[in-house]
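*Asks:* Input structure: run34.pdb, which contains PDB, C-alpha atoms.
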```pdb
ATOM      1  CA  MET A 928     -12.901  -6.628 -31.595
ATOM      2  CA  ILE A 929     -14.481  -5.819 -34.967
ATOM      3  CA  VAL A 930     -17.967  -6.048 -33.483
ATOM      4  CA  ASP A 931     -17.087  -3.660 -30.664
ATOM      5  CA  ARG A 932     -15.679  -1.106 -33.100
ATOM      6  CA  MET A 933     -18.764  -1.351 -35.272
ATOM      7  CA  LEU A 934     -21.029  -0.973 -32.260
ATOM      8  CA  ALA A 935     -19.121   2.112 -31.188
ATOM      9  CA  LYS A 936     -20.231   3.719 -34.447
ATOM     10  CA  ALA A 937     -23.815   2.621 -34.057
ATOM     11  CA  PRO A 938     -25.183   6.097 -33.055
ATOM     12  CA  THR A 939     -23.907   7.512 -36.353
ATOM     13  CA  LEU A 940     -24.983   4.632 -38.606
ATOM     14  CA  GLU A 941     -28.421   3.624 -39.795
ATOM     15  CA  TRP A 942     -29.286   0.113 -38.616
ATOM     16  CA  PRO A 943     -30.094  -1.279 -42.073
ATOM     17  CA  ALA A 944     -26.558  -0.500 -43.265
ATOM     18  CA  LEU A 945     -25.037  -1.815 -40.050
ATOM     19  CA  GLU A 946     -27.094  -5.004 -40.153
ATOM     20  CA  ALA A 947     -26.074  -5.611 -43.763
ATOM     21  CA  ALA A 948     -22.463  -5.659 -42.577
ATOM     22  CA  PHE A 949     -23.312  -7.865 -39.593
ATOM     23  CA  ASP A 950     -25.155 -10.302 -41.877
ATOM     24  CA  ILE A 951     -21.876 -10.879 -43.719
ATOM     25  CA  LEU A 952     -19.608 -10.991 -40.660
ATOM     26  CA  CYS A 953     -22.044 -12.813 -38.342
ATOM     27  CA  PRO A 954     -24.622 -14.643 -40.523
ATOM     28  CA  MET A 955     -26.157 -16.314 -37.451
ATOM     29  CA  HIS A 956     -26.864 -13.247 -35.310
ATOM     30  CA  LEU A 957     -30.021 -11.734 -33.893
ATOM     31  CA  ARG A 958     -30.794  -8.178 -32.795
ATOM     32  CA  LEU A 959     -32.999  -7.879 -29.747
ATOM     33  CA  THR A 960     -34.842  -5.051 -28.014
ATOM     34  CA  GLU A 961     -34.264  -4.409 -24.325
ATOM     35  CA  THR A 962     -37.306  -6.586 -23.632
ATOM     36  CA  GLY A 963     -35.844  -9.470 -25.615
ATOM     37  CA  HIS A 964     -38.043  -9.188 -28.696
ATOM     38  CA  ILE A 965     -36.338 -10.161 -31.934
ATOM     39  CA  VAL A 966     -36.133  -7.302 -34.449
ATOM     40  CA  HIS A 967     -33.637  -8.738 -36.937
ATOM     41  CA  VAL A 968     -32.639 -12.257 -37.951
ATOM     42  CA  ALA A 969     -29.447 -12.913 -39.959
ATOM     43  CA  PRO A 970     -29.822 -14.950 -43.178
ATOM     44  CA  THR A 971     -28.247 -18.238 -42.027
ATOM     45  CA  LEU A 972     -30.267 -18.204 -38.826
ATOM     46  CA  LYS A 973     -33.436 -17.777 -40.895
ATOM     47  CA  LYS A 974     -32.679 -21.123 -42.544
ATOM     48  CA  LEU A 975     -32.967 -22.856 -39.176
ATOM     49  CA  ARG A 976     -36.654 -21.893 -39.099
ATOM     50  CA  PRO A 977     -37.526 -21.205 -42.744
ATOM     51  CA  ASP A 978     -41.296 -21.485 -42.174
ATOM     52  CA  VAL A 979     -41.431 -19.184 -39.152
ATOM     53  CA  ASP A 980     -40.912 -15.424 -39.005
ATOM     54  CA  LEU A 981     -38.960 -14.985 -35.785
ATOM     55  CA  THR A 982     -39.289 -11.198 -35.925
ATOM     56  CA  GLY A 983     -41.379  -9.983 -33.018
ATOM     57  CA  MET A 984     -41.000 -13.178 -31.007
ATOM     58  CA  ARG A 985     -39.274 -13.247 -27.629
ATOM     59  CA  PHE A 986     -35.748 -14.626 -27.653
ATOM     60  CA  LEU A 987     -36.372 -16.925 -24.683
ATOM     61  CA  GLU A 988     -39.512 -18.289 -26.343
ATOM     62  CA  VAL A 989     -37.508 -19.390 -29.382
ATOM     63  CA  PHE A 990     -34.409 -20.606 -27.534
ATOM     64  CA  ARG A 991     -34.013 -22.595 -24.309
ATOM     65  CA  LEU A 992     -30.949 -21.727 -22.242
ATOM     66  CA  ASP A 993     -28.992 -24.681 -20.868
ATOM     67  CA  ARG A 994     -26.215 -22.548 -19.423
ATOM     68  CA  PRO A 995     -25.990 -20.378 -17.433
ATOM     69  CA  ARG A 996     -28.746 -22.374 -15.729
ATOM     70  CA  SER A 997     -29.729 -19.599 -13.343
ATOM     71  CA  ILE A 998     -31.068 -17.307 -16.091
ATOM     72  CA  THR A 999     -34.837 -17.336 -16.538
ATOM     73  CA  THR A1000     -35.658 -13.762 -17.635
ATOM     74  CA  MET A1001     -34.405 -11.348 -20.281
ATOM     75  CA  SER A1002     -33.217  -8.847 -17.688
ATOM     76  CA  GLU A1003     -31.045 -11.565 -16.131
ATOM     77  CA  LEU A1004     -29.670 -12.434 -19.559
ATOM     78  CA  MET A1005     -28.876  -8.782 -20.289
ATOM     79  CA  SER A1006     -27.020  -8.575 -16.991
ATOM     80  CA  ARG A1007     -24.859 -11.498 -18.062
ATOM     81  CA  ALA A1008     -23.761  -9.887 -21.314
ATOM     82  CA  ARG A1009     -20.580 -11.342 -22.867
ATOM     83  CA  SER A1010     -21.067 -14.628 -20.979
ATOM     84  CA  LYS A1011     -20.829 -17.781 -23.050
ATOM     85  CA  LEU A1012     -24.294 -19.173 -23.694
ATOM     86  CA  HIS A1013     -25.290 -22.798 -24.294
ATOM     87  CA  LEU A1014     -28.764 -22.999 -25.784
ATOM     88  CA  GLU A1015     -30.952 -24.925 -28.168
ATOM     89  CA  LEU A1016     -33.966 -24.330 -30.343
ATOM     90  CA  ARG A1017     -37.170 -25.171 -28.545
ATOM     91  CA  GLU A1018     -38.806 -26.797 -31.575
ATOM     92  CA  ALA A1019     -37.496 -29.829 -33.437
ATOM     93  CA  PRO A1020     -34.876 -30.249 -34.605
ATOM     94  CA  CYS A1021     -33.663 -29.008 -31.228
ATOM     95  CA  THR A1022     -30.230 -28.112 -32.513
ATOM     96  CA  ALA A1023     -27.624 -27.284 -29.875
ATOM     97  CA  LEU A1024     -26.025 -23.861 -30.305
ATOM     98  CA  LYS A1025     -23.446 -21.692 -28.606
ATOM     99  CA  GLY A1026     -23.597 -17.933 -28.404
ATOM    100  CA  VAL A1027     -22.689 -14.661 -26.782
ATOM    101  CA  LEU A1028     -24.845 -11.582 -26.078
ATOM    102  CA  VAL A1029     -23.452  -8.058 -26.479
ATOM    103  CA  ARG A1030     -25.345  -5.020 -25.164
ATOM    104  CA  LEU A1031     -25.893  -2.170 -27.609
ATOM    105  CA  PRO A1032     -25.238   1.437 -26.476
ATOM    106  CA  LYS A1033     -27.950   3.879 -25.375
ATOM    107  CA  GLY A1034     -30.559   1.210 -24.597
ATOM    108  CA  GLN A1035     -30.778  -0.014 -28.171
ATOM    109  CA  GLY A1036     -31.033  -3.609 -27.030
ATOM    110  CA  ALA A1037     -28.506  -6.326 -27.752
ATOM    111  CA  LEU A1038     -26.906  -8.500 -30.403
ATOM    112  CA  VAL A1039     -26.701 -12.242 -29.950
ATOM    113  CA  ASN A1040     -24.217 -14.074 -32.170
ATOM    114  CA  LEU A1041     -24.745 -17.822 -32.465
ATOM    115  CA  SER A1042     -22.766 -20.755 -33.831
ATOM    116  CA  PHE A1043     -23.095 -24.530 -34.043
ATOM    117  CA  GLY A1044     -19.815 -25.162 -32.216
ATOM    118  CA  ILE A1045     -18.738 -28.766 -32.550
ATOM    119  CA  SER A1046     -22.240 -29.600 -33.820
ATOM    120  CA  VAL A1047     -21.557 -27.846 -37.121
ATOM    121  CA  VAL A1048     -21.656 -31.085 -39.142
ATOM    122  CA  GLU A1049     -25.076 -32.015 -37.752
ATOM    123  CA  GLY A1050     -26.250 -28.443 -38.304
ATOM    124  CA  VAL A1051     -25.189 -28.441 -41.912
ATOM    125  CA  GLN A1052     -26.909 -31.806 -42.481
ATOM    126  CA  ASP A1053     -30.107 -30.824 -40.637
ATOM    127  CA  PHE A1054     -30.593 -27.520 -42.459
ATOM    128  CA  GLY A1055     -28.900 -28.061 -45.815
ATOM    129  CA  LEU A1056     -26.296 -25.357 -45.298
ATOM    130  CA  SER A1057     -23.237 -24.704 -47.442
ATOM    131  CA  SER A1058     -20.032 -22.679 -47.130
ATOM    132  CA  ALA A1059     -21.933 -19.613 -48.384
ATOM    133  CA  ASP A1060     -23.993 -19.675 -45.177
ATOM    134  CA  PHE A1061     -20.947 -18.994 -42.967
ATOM    135  CA  ALA A1062     -18.578 -16.082 -42.627
ATOM    136  CA  ALA A1063     -15.554 -16.463 -44.878
ATOM    137  CA  THR A1064     -13.246 -16.404 -41.845
ATOM    138  CA  ASP A1065     -15.306 -18.871 -39.819
ATOM    139  CA  LEU A1066     -13.272 -21.919 -38.806
ATOM    140  CA  ALA A1067     -16.442 -23.940 -39.309
ATOM    141  CA  ILE A1068     -15.736 -23.838 -43.045
ATOM    142  CA  GLU A1069     -12.331 -25.414 -42.591
ATOM    143  CA  MET A1070     -13.849 -27.957 -40.224
ATOM    144  CA  LEU A1071     -16.438 -28.853 -42.836
ATOM    145  CA  TYR A1072     -13.717 -29.334 -45.435
ATOM    146  CA  LEU A1073     -11.817 -31.548 -43.001
ATOM    147  CA  VAL A1074     -14.947 -33.578 -42.260
ATOM    148  CA  GLU A1075     -15.649 -33.925 -45.974
ATOM    149  CA  ALA A1076     -12.063 -34.988 -46.642
ATOM    150  CA  LYS A1077     -12.210 -37.457 -43.758
ATOM    151  CA  SER A1078     -15.517 -38.825 -45.021
ATOM    152  CA  ALA A1079     -14.076 -39.255 -48.511
ATOM    153  CA  ALA A1080     -10.985 -40.947 -47.097
ATOM    154  CA  MET A1081     -13.110 -43.263 -44.949
ATOM    155  CA  ASP A1082     -15.300 -44.148 -47.948
ATOM    156  CA  ALA A1083     -12.202 -44.923 -49.984
ATOM    157  CA  SER A1084     -10.782 -46.986 -47.126
ATOM    158  CA  ARG A1085     -14.091 -48.824 -46.704
ATOM    159  CA  ASN A1086     -14.263 -49.595 -50.422
ATOM    160  CA  LEU A1087     -10.663 -50.787 -50.396
ATOM    161  CA  ASN A1088     -11.339 -53.026 -47.384
ATOM    162  CA  GLN A1089     -14.398 -54.472 -49.114
ATOM    163  CA  ARG A1090     -12.375 -55.201 -52.244
ATOM    164  CA  LEU A1091      -9.583 -56.755 -50.181
ATOM    165  CA  GLN A1092     -12.087 -58.843 -48.237
ATOM    166  CA  GLY A1093     -13.706 -59.933 -51.486
ATOM    167  CA  ALA A1094     -10.309 -60.814 -52.933
ATOM    168  CA  LYS A1095      -9.424 -62.733 -49.766
ATOM    169  CA  LEU A1096     -12.668 -64.718 -49.886
ATOM    170  CA  ALA A1097     -12.168 -65.389 -53.588
ATOM    171  CA  ALA A1098      -8.597 -66.564 -52.941
ATOM    172  CA  GLU A1099      -9.746 -68.800 -50.088
ATOM    173  CA  GLU A1100     -12.500 -70.250 -52.268
ATOM    174  CA  GLN A1101     -10.039 -70.822 -55.098
ATOM    175  CA  ALA A1102      -7.597 -72.519 -52.729
ATOM    176  CA  ALA A1103     -10.391 -74.893 -51.648
ATOM    177  CA  THR A1104     -11.679 -75.670 -55.153
ATOM    178  CA  ASP A1105     -10.678 -78.260 -57.734
ATOM    179  CA  THR A1106     -10.169 -76.129 -60.828
ATOM    180  CA  LEU A1107     -11.239 -78.805 -63.334
ATOM    181  CA  THR A1108     -14.585 -79.800 -61.805
ATOM    182  CA  GLY A1109     -15.433 -76.876 -59.529
ATOM    183  CA  LEU A1110     -15.873 -79.305 -56.625
ATOM    184  CA  LYS A1111     -14.070 -79.027 -53.300
ATOM    185  CA  ASN A1112     -10.488 -80.275 -53.313
ATOM    186  CA  ARG A1113      -8.749 -82.695 -50.926
ATOM    187  CA  ARG A1114      -7.567 -79.940 -48.585
ATOM    188  CA  ALA A1115     -11.055 -78.481 -48.235
ATOM    189  CA  ALA A1116     -12.616 -81.935 -47.803
ATOM    190  CA  ASP A1117     -10.234 -82.790 -44.965
ATOM    191  CA  GLN A1118     -11.018 -79.500 -43.193
ATOM    192  CA  ILE A1119     -14.775 -79.990 -43.537
ATOM    193  CA  LEU A1120     -14.536 -83.582 -42.309
ATOM    194  CA  GLU A1121     -12.383 -82.561 -39.352
ATOM    195  CA  THR A1122     -14.887 -79.843 -38.408
ATOM    196  CA  ALA A1123     -17.789 -82.291 -38.565
ATOM    197  CA  LEU A1124     -15.898 -84.610 -36.201
ATOM    198  CA  LEU A1125     -14.998 -81.819 -33.782
ATOM    199  CA  GLU A1126     -18.661 -80.763 -33.667
ATOM    200  CA  ASP A1127     -19.689 -84.406 -33.166
ATOM    201  CA  ARG A1128     -22.134 -84.336 -36.078
ATOM    202  CA  ALA A1129     -23.832 -87.317 -37.649
ATOM    203  CA  PHE A1130     -22.980 -87.836 -41.310
ATOM    204  CA  THR A1131     -22.276 -90.435 -43.984
ATOM    205  CA  LEU A1132     -18.950 -90.633 -45.797
ATOM    206  CA  MET A1133     -18.954 -92.033 -49.342
ATOM    207  CA  GLN A1134     -15.714 -92.713 -51.167
ATOM    208  CA  ILE A1135     -16.081 -93.171 -54.916
ATOM    209  CA  ASP A1136     -13.579 -94.464 -57.465
ATOM    210  CA  LEU A1137     -14.279 -94.313 -61.194
ATOM    211  CA  ASP A1138     -14.028 -97.708 -62.856
ATOM    212  CA  PHE A1139     -12.365 -97.929 -66.290
ATOM    213  CA  PHE A1140     -11.325 -94.261 -66.176
ATOM    214  CA  LYS A1141      -7.663 -95.131 -66.903
ATOM    215  CA  ALA A1142      -8.741 -96.873 -70.094
ATOM    216  CA  VAL A1143     -10.490 -93.678 -71.266
ATOM    217  CA  ASN A1144      -7.388 -91.600 -70.526
ATOM    218  CA  ASP A1145      -5.079 -94.062 -72.244
ATOM    219  CA  SER A1146      -7.193 -94.647 -75.367
ATOM    220  CA  LYS A1147      -8.821 -91.280 -75.924
ATOM    221  CA  GLY A1148      -6.427 -88.847 -74.245
ATOM    222  CA  HIS A1149      -6.432 -86.552 -71.250
ATOM    223  CA  ALA A1150      -8.898 -84.109 -72.819
ATOM    224  CA  ALA A1151     -11.462 -86.920 -72.956
ATOM    225  CA  GLY A1152     -10.616 -87.812 -69.350
ATOM    226  CA  ASP A1153     -11.158 -84.214 -68.294
ATOM    227  CA  ARG A1154     -14.573 -84.156 -69.984
ATOM    228  CA  VAL A1155     -15.515 -87.368 -68.172
ATOM    229  CA  LEU A1156     -14.499 -85.918 -64.794
ATOM    230  CA  GLN A1157     -16.556 -82.770 -65.444
ATOM    231  CA  GLU A1158     -19.620 -84.824 -66.392
ATOM    232  CA  VAL A1159     -19.218 -86.977 -63.280
ATOM    233  CA  ALA A1160     -19.124 -83.815 -61.146
ATOM    234  CA  LYS A1161     -22.439 -82.692 -62.701
ATOM    235  CA  ILE A1162     -24.042 -86.049 -61.917
ATOM    236  CA  MET A1163     -22.858 -85.939 -58.302
ATOM    237  CA  ARG A1164     -24.284 -82.444 -57.853
ATOM    238  CA  ALA A1165     -27.598 -83.553 -59.323
ATOM    239  CA  GLU A1166     -27.911 -86.562 -57.019
ATOM    240  CA  THR A1167     -27.031 -84.828 -53.722
ATOM    241  CA  ARG A1168     -28.495 -82.040 -51.642
ATOM    242  CA  LYS A1169     -27.226 -78.459 -51.505
ATOM    243  CA  GLY A1170     -25.779 -78.881 -48.011
ATOM    244  CA  ASP A1171     -23.832 -82.044 -48.838
ATOM    245  CA  VAL A1172     -20.122 -81.765 -49.620
ATOM    246  CA  ILE A1173     -18.694 -83.186 -52.843
ATOM    247  CA  ALA A1174     -14.927 -83.236 -53.346
ATOM    248  CA  ARG A1175     -12.485 -84.517 -55.904
ATOM    249  CA  VAL A1176      -9.738 -85.950 -53.713
ATOM    250  CA  GLY A1177      -7.550 -87.609 -56.390
ATOM    251  CA  GLY A1178      -7.300 -88.146 -60.136
ATOM    252  CA  ASP A1179     -10.453 -90.248 -60.420
ATOM    253  CA  GLU A1180     -11.310 -90.360 -56.712
ATOM    254  CA  PHE A1181     -14.242 -88.509 -55.140
ATOM    255  CA  MET A1182     -15.681 -88.101 -51.692
ATOM    256  CA  ILE A1183     -19.229 -87.173 -50.670
ATOM    257  CA  LEU A1184     -20.130 -86.146 -47.119
ATOM    258  CA  ILE A1185     -23.894 -86.428 -46.577
ATOM    259  CA  GLU A1186     -24.979 -84.416 -43.540
ATOM    260  CA  GLY A1187     -27.225 -85.856 -40.850
ATOM    261  CA  SER A1188     -28.457 -89.316 -40.002
ATOM    262  CA  ALA A1189     -29.662 -91.200 -43.062
ATOM    263  CA  ALA A1190     -31.397 -94.555 -43.303
ATOM    264  CA  LYS A1191     -29.446 -97.327 -44.990
ATOM    265  CA  ASP A1192     -32.075 -97.783 -47.699
ATOM    266  CA  ARG A1193     -31.894 -94.083 -48.612
ATOM    267  CA  LEU A1194     -28.099 -94.238 -48.857
ATOM    268  CA  LYS A1195     -28.350 -97.349 -51.050
ATOM    269  CA  ASP A1196     -30.725 -95.444 -53.325
ATOM    270  CA  ILE A1197     -28.331 -92.483 -53.578
ATOM    271  CA  ALA A1198     -25.424 -94.802 -54.390
ATOM    272  CA  SER A1199     -27.468 -96.645 -57.032
ATOM    273  CA  ARG A1200     -28.502 -93.398 -58.707
ATOM    274  CA  LEU A1201     -24.887 -92.200 -58.717
ATOM    275  CA  ILE A1202     -23.693 -95.416 -60.355
ATOM    276  CA  ARG A1203     -26.506 -95.397 -62.955
ATOM    277  CA  GLY A1204     -25.769 -91.787 -63.826
ATOM    278  CA  ILE A1205     -22.016 -92.320 -64.097
ATOM    279  CA  GLU A1206     -22.532 -95.385 -66.304
ATOM    280  CA  GLN A1207     -24.375 -93.365 -68.950
ATOM    281  CA  PRO A1208     -22.250 -92.981 -72.130
ATOM    282  CA  ILE A1209     -20.343 -89.696 -72.295
ATOM    283  CA  LYS A1210     -19.764 -88.172 -75.725
ATOM    284  CA  PHE A1211     -16.478 -86.470 -76.555
ATOM    285  CA  GLU A1212     -15.475 -85.303 -80.038
ATOM    286  CA  GLY A1213     -17.561 -87.937 -81.788
ATOM    287  CA  GLU A1214     -16.440 -90.780 -79.532
ATOM    288  CA  THR A1215     -18.202 -92.437 -76.621
ATOM    289  CA  CYS A1216     -16.599 -92.879 -73.198
ATOM    290  CA  HIS A1217     -17.839 -95.657 -70.896
ATOM    291  CA  ILE A1218     -17.041 -95.746 -67.179
ATOM    292  CA  SER A1219     -18.685 -96.875 -63.974
ATOM    293  CA  ALA A1220     -18.120 -96.327 -60.240
ATOM    294  CA  SER A1221     -17.368 -98.282 -57.055
ATOM    295  CA  ILE A1222     -18.511 -96.826 -53.751
ATOM    296  CA  GLY A1223     -17.528 -97.421 -50.117
ATOM    297  CA  ILE A1224     -19.858 -96.094 -47.420
ATOM    298  CA  ALA A1225     -19.170 -95.378 -43.729
ATOM    299  CA  ARG A1226     -21.866 -93.978 -41.458
ATOM    300  CA  ARG A1227     -21.115 -91.924 -38.346
ATOM    301  CA  VAL A1228     -23.529 -91.305 -35.464
ATOM    302  CA  VAL A1229     -23.276 -88.711 -32.707
ATOM    303  CA  GLY A1230     -20.832 -89.926 -30.069
ATOM    304  CA  ASP A1231     -18.857 -92.096 -32.497
ATOM    305  CA  ARG A1232     -15.252 -92.142 -31.213
ATOM    306  CA  ARG A1233     -13.569 -92.860 -34.566
ATOM    307  CA  ASP A1234     -11.245 -90.106 -35.779
ATOM    308  CA  MET A1235     -10.852 -88.969 -39.390
ATOM    309  CA  ASP A1236      -8.202 -91.559 -40.260
ATOM    310  CA  ALA A1237     -10.320 -94.374 -38.826
ATOM    311  CA  LEU A1238     -13.397 -93.255 -40.777
ATOM    312  CA  MET A1239     -11.394 -92.963 -43.980
ATOM    313  CA  GLN A1240     -10.006 -96.474 -43.465
ATOM    314  CA  CYS A1241     -13.521 -97.834 -42.929
ATOM    315  CA  SER A1242     -14.831 -96.277 -46.146
ATOM    316  CA  ASP A1243     -11.649 -97.413 -47.961
ATOM    317  CA  ARG A1244     -12.222-101.011 -46.916
ATOM    318  CA  ALA A1245     -15.805-100.792 -48.101
ATOM    319  CA  LEU A1246     -14.632 -99.319 -51.411
ATOM    320  CA  TYR A1247     -12.123-102.118 -51.986
ATOM    321  CA  ALA A1248     -14.851-104.620 -51.181
ATOM    322  CA  SER A1249     -16.997-103.081 -53.929
ATOM    323  CA  LYS A1250     -14.145-103.421 -56.404
ATOM    324  CA  SER A1251     -13.602-107.040 -55.336
ATOM    325  CA  LYS A1252     -17.255-107.785 -56.012
ATOM    326  CA  GLY A1253     -16.801-106.794 -59.635
ATOM    327  CA  ARG A1254     -17.136-102.981 -59.398
ATOM    328  CA  ALA A1255     -20.206-100.838 -60.204
ATOM    329  CA  CYS A1256     -21.651-101.392 -56.739
ATOM    330  CA  ALA A1257     -21.720 -99.886 -53.226
ATOM    331  CA  THR A1258     -20.695-101.509 -49.931
ATOM    332  CA  PHE A1259     -21.226-100.422 -46.304
ATOM    333  CA  ASP A1260     -18.297-100.833 -43.937
ATOM    334  CA  GLU A1261     -20.698-102.138 -41.297
ATOM    335  CA  ASP A1262     -21.470-105.127 -43.532
ATOM    336  CA  LEU A1263     -17.855-106.287 -43.708
TER     337      LEU A1263
END
```
Could you spell out this file's structure in structure tokens?
*Replies:*
Amino acid sequence: MIVDRMLAKAPTLEWPALEAAFDILCPMHLRLTETGHIVHVAPTLKKLRPDVDLTGMRFLEVFRLDRPRSITTMSELMSRARSKLHLELREAPCTALKGVLVRLPKGQGALVNLSFGISVVEGVQDFGLSSADFAATDLAIEMLYLVEAKSAAMDASRNLNQRLQGAKLAAEEQAATDTLTGLKNRRAADQILETALLEDRAFTLMQIDLDFFKAVNDSKGHAAGDRVLQEVAKIMRAETRKGDVIARVGGDEFMILIEGSAAKDRLKDIASRLIRGIEQPIKFEGETCHISASIGIARRVVGDRRDMDALMQCSDRALYASKSKGRACATFDEDL
């Protein structure tokens, strides 16, 4: 071993020159006296306790031996030279280290070479170390590069997954949205309604048809019809709560699902406000569009055994009743 060959020359070399070489080859070593007092601390090891001068302190006062467990004195440690040591710093951060002690010739004490072992990443993070703090041939450097490469790859993978998840959510939202009005579409409305039934929730289903919309489309064109539909969507958002679901389920057909139990008078008020808002003249390219709305209302309570088709039929019947009354009104299915 290189260390053994260097130690063999120790009687003919001055320690400062020898330690300068050791500091490069073993930047985490200590030189101890026979009594275990520290007489030299390598540069990287100094960074583990930058505010404390370890020179003159006893080795076993700075480090706690975990293995071999039987060792409690310096003489016992010297007798176990070349044994693998598991130890840690006594003061926080109590970094785990591995090491080996080598006796020096002619009672000159011992060298202890330390390393972080598999804790090198934590050691580097705890003490702000860099590749310059390790021997050029130390495998810890390559491990650090591997860890850094893995970290970069994981960050890239995490970012990619986040973008993919965002794209997936955006695609799902787009698939559930009516592109003209920004409301939910028929597919999304059916799924939401089915979920509410499966969870046995109380809610009110309103089906709304626009009156005289075909006349606007026929006389003023589809662009005018599109503007009307967009304005109707704004009115519906303004007259409902954030948690309620509004969907465009056909050309001029809408559905509103109002969560929770609601009194009949409150629902009548909502329907009246919707009709009044929709009846307001809508301007488009200098012309005025006039429409109204007919509404069919079906209420569901917890425990109601009607399925989605049955509820839709009930609100449909109520809607047709509103149209038969002359339009621009709301009808409850329970009143039929």
*Asks:* For the atom pair atom CA of A:Arg1164 and atom CA of A:Leu1201, what is the interatomic distance in Å to one decimal place?
*Replies:*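 Interatomic distance here is 9.8 Å.
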*Asks:* Take the PyMOL selection byres ((chain A and resi 1110) around 7), apply it to the structure above, and return the hits as an MDAnalysis selection string.
*Replies:* chainID A and resid 1104:1105 1108:1109 1111:1112 1173:1175
*Asks:* Store the residues picked out above, limited to C-alpha atoms, as a PDB file, in the coordinates of the input.
*Replies:*
```
ATOM      1  CA  THR A1104     -11.679 -75.670 -55.153  1.00  0.00           C
ATOM      2  CA  ASP A1105     -10.678 -78.260 -57.734  1.00  0.00           C
ATOM      3  CA  THR A1108     -14.585 -79.800 -61.805  1.00  0.00           C
ATOM      4  CA  GLY A1109     -15.433 -76.876 -59.529  1.00  0.00           C
ATOM      5  CA  LYS A1111     -14.070 -79.027 -53.300  1.00  0.00           C
ATOM      6  CA  ASN A1112     -10.488 -80.275 -53.313  1.00  0.00           C
ATOM      7  CA  ILE A1173     -18.694 -83.186 -52.843  1.00  0.00           C
ATOM      8  CA  ALA A1174     -14.927 -83.236 -53.346  1.00  0.00           C
ATOM      9  CA  ARG A1175     -12.485 -84.517 -55.904  1.00  0.00           C
TER      10      ARG A1175
END
```
*Asks:* With the file shown as input, list the residues that the PyMOL selection byres ((chain A and resi 1142) around 12) selects, as a list in words.
*Replies:*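 Going through the file, the PyMOL selection byres ((chain A and resi 1142) around 12) ends up selecting Leu1137, Asp1138, Phe1139, Phe1140, Lys1141, Val1143, Asn1144, Asp1145, Ser1146, Lys1147, Gly1148, His1149, Ala1151, Gly1152, Val1155, Asp1179, Cys1216, His1217, Ile1218 and Ser1219 of chain A.
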*Asks:* List the residues matched by the PyMOL selection byres ((chain A and resi 972) around 9) in the displayed structure as a PDB file with C-alpha atoms, in the frame of the given file, ordered by chain and then by residue number.
*Replies:*
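Below is the file selection20.pdb, written as the result:
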```
ATOM      1  CA  PRO A 954     -24.622 -14.643 -40.523  1.00  0.00           C
ATOM      2  CA  MET A 955     -26.157 -16.314 -37.451  1.00  0.00           C
ATOM      3  CA  HIS A 956     -26.864 -13.247 -35.310  1.00  0.00           C
ATOM      4  CA  LEU A 957     -30.021 -11.734 -33.893  1.00  0.00           C
ATOM      5  CA  VAL A 968     -32.639 -12.257 -37.951  1.00  0.00           C
ATOM      6  CA  ALA A 969     -29.447 -12.913 -39.959  1.00  0.00           C
ATOM      7  CA  PRO A 970     -29.822 -14.950 -43.178  1.00  0.00           C
ATOM      8  CA  THR A 971     -28.247 -18.238 -42.027  1.00  0.00           C
ATOM      9  CA  LYS A 973     -33.436 -17.777 -40.895  1.00  0.00           C
ATOM     10  CA  LYS A 974     -32.679 -21.123 -42.544  1.00  0.00           C
ATOM     11  CA  LEU A 975     -32.967 -22.856 -39.176  1.00  0.00           C
ATOM     12  CA  ARG A 976     -36.654 -21.893 -39.099  1.00  0.00           C
ATOM     13  CA  PRO A 977     -37.526 -21.205 -42.744  1.00  0.00           C
ATOM     14  CA  LEU A1041     -24.745 -17.822 -32.465  1.00  0.00           C
TER      15      LEU A1041
END
```
*Asks:* Taking only C-alpha atoms into account, name the residue in A:Thr1258, A:Gln1134, A:Ser1010, A:Asn1040 that is nearest to A:Leu959.
*Replies:*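 Using only C-alpha atoms, the shortest distance to A:Leu959 belongs to A:Asn1040.
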*Asks:* Atom CA of A:Leu1014 to atom CA of A:Ala947: how many Å, to one decimal?
*Replies:*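 Atom-to-atom, atom CA of A:Leu1014 and atom CA of A:Ala947 are spaced 25.2 Å apart.
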*Asks:* Give the answer as one residue: which of A:Ala1248, A:Ile1162, A:Leu1156, A:Ala1255 has the shortest atom-to-atom distance to A:Gly1178, using all atoms listed in the file?
*Replies:* A:Leu1156
*Asks:* Rounded to one decimal, what separation in Å do you get between atom CA of A:Asp1171 and atom CA of A:Asp1127?
*Replies:* 16.4 Å
*Asks:* Find, counting all atoms listed in the file, the residue in A:Cys1021, A:Ala1150, A:Met1005, A:Cys1241 that gets nearest to A:Gly1034.
*Replies:* A:Met1005
*Asks:* Under the rule that only C-alpha atoms are counted, which of A:Glu1126, A:Glu946, A:Glu1018, A:Glu1166 is the nearest residue to A:Val1229?
*Replies:* A:Glu1126
*Asks:* Of the candidates A:Ile951, A:Ala1116, A:Ala1059, A:Ile998, which one gets nearest to A:Gly1177 if we count all atoms listed in the file?
*Replies:*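 Looking only at the distances to A:Gly1177, the closest residue turns out to be A:Ala1116.
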*Asks:* Return the single residue from A:Val1047, A:Ile965, A:Leu1031, A:Val1159 that is closest to A:Asp1136, with distances computed using all atoms listed in the file.
*Replies:*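 The shortest atom-to-atom distance to A:Asp1136 comes from A:Val1159.
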*Asks:* Could the centre and edge lengths of an axis-aligned box, enclosing all atoms of stretch 966-970 of chain A in the file with 4 Å extra on each side, be given in Å to one decimal as AutoDock Vina command-line options?
*Replies:*
```
--center_x -32.8 --center_y -11.1 --center_z -38.8 --size_x 14.7 --size_y 15.6 --size_z 16.7
```
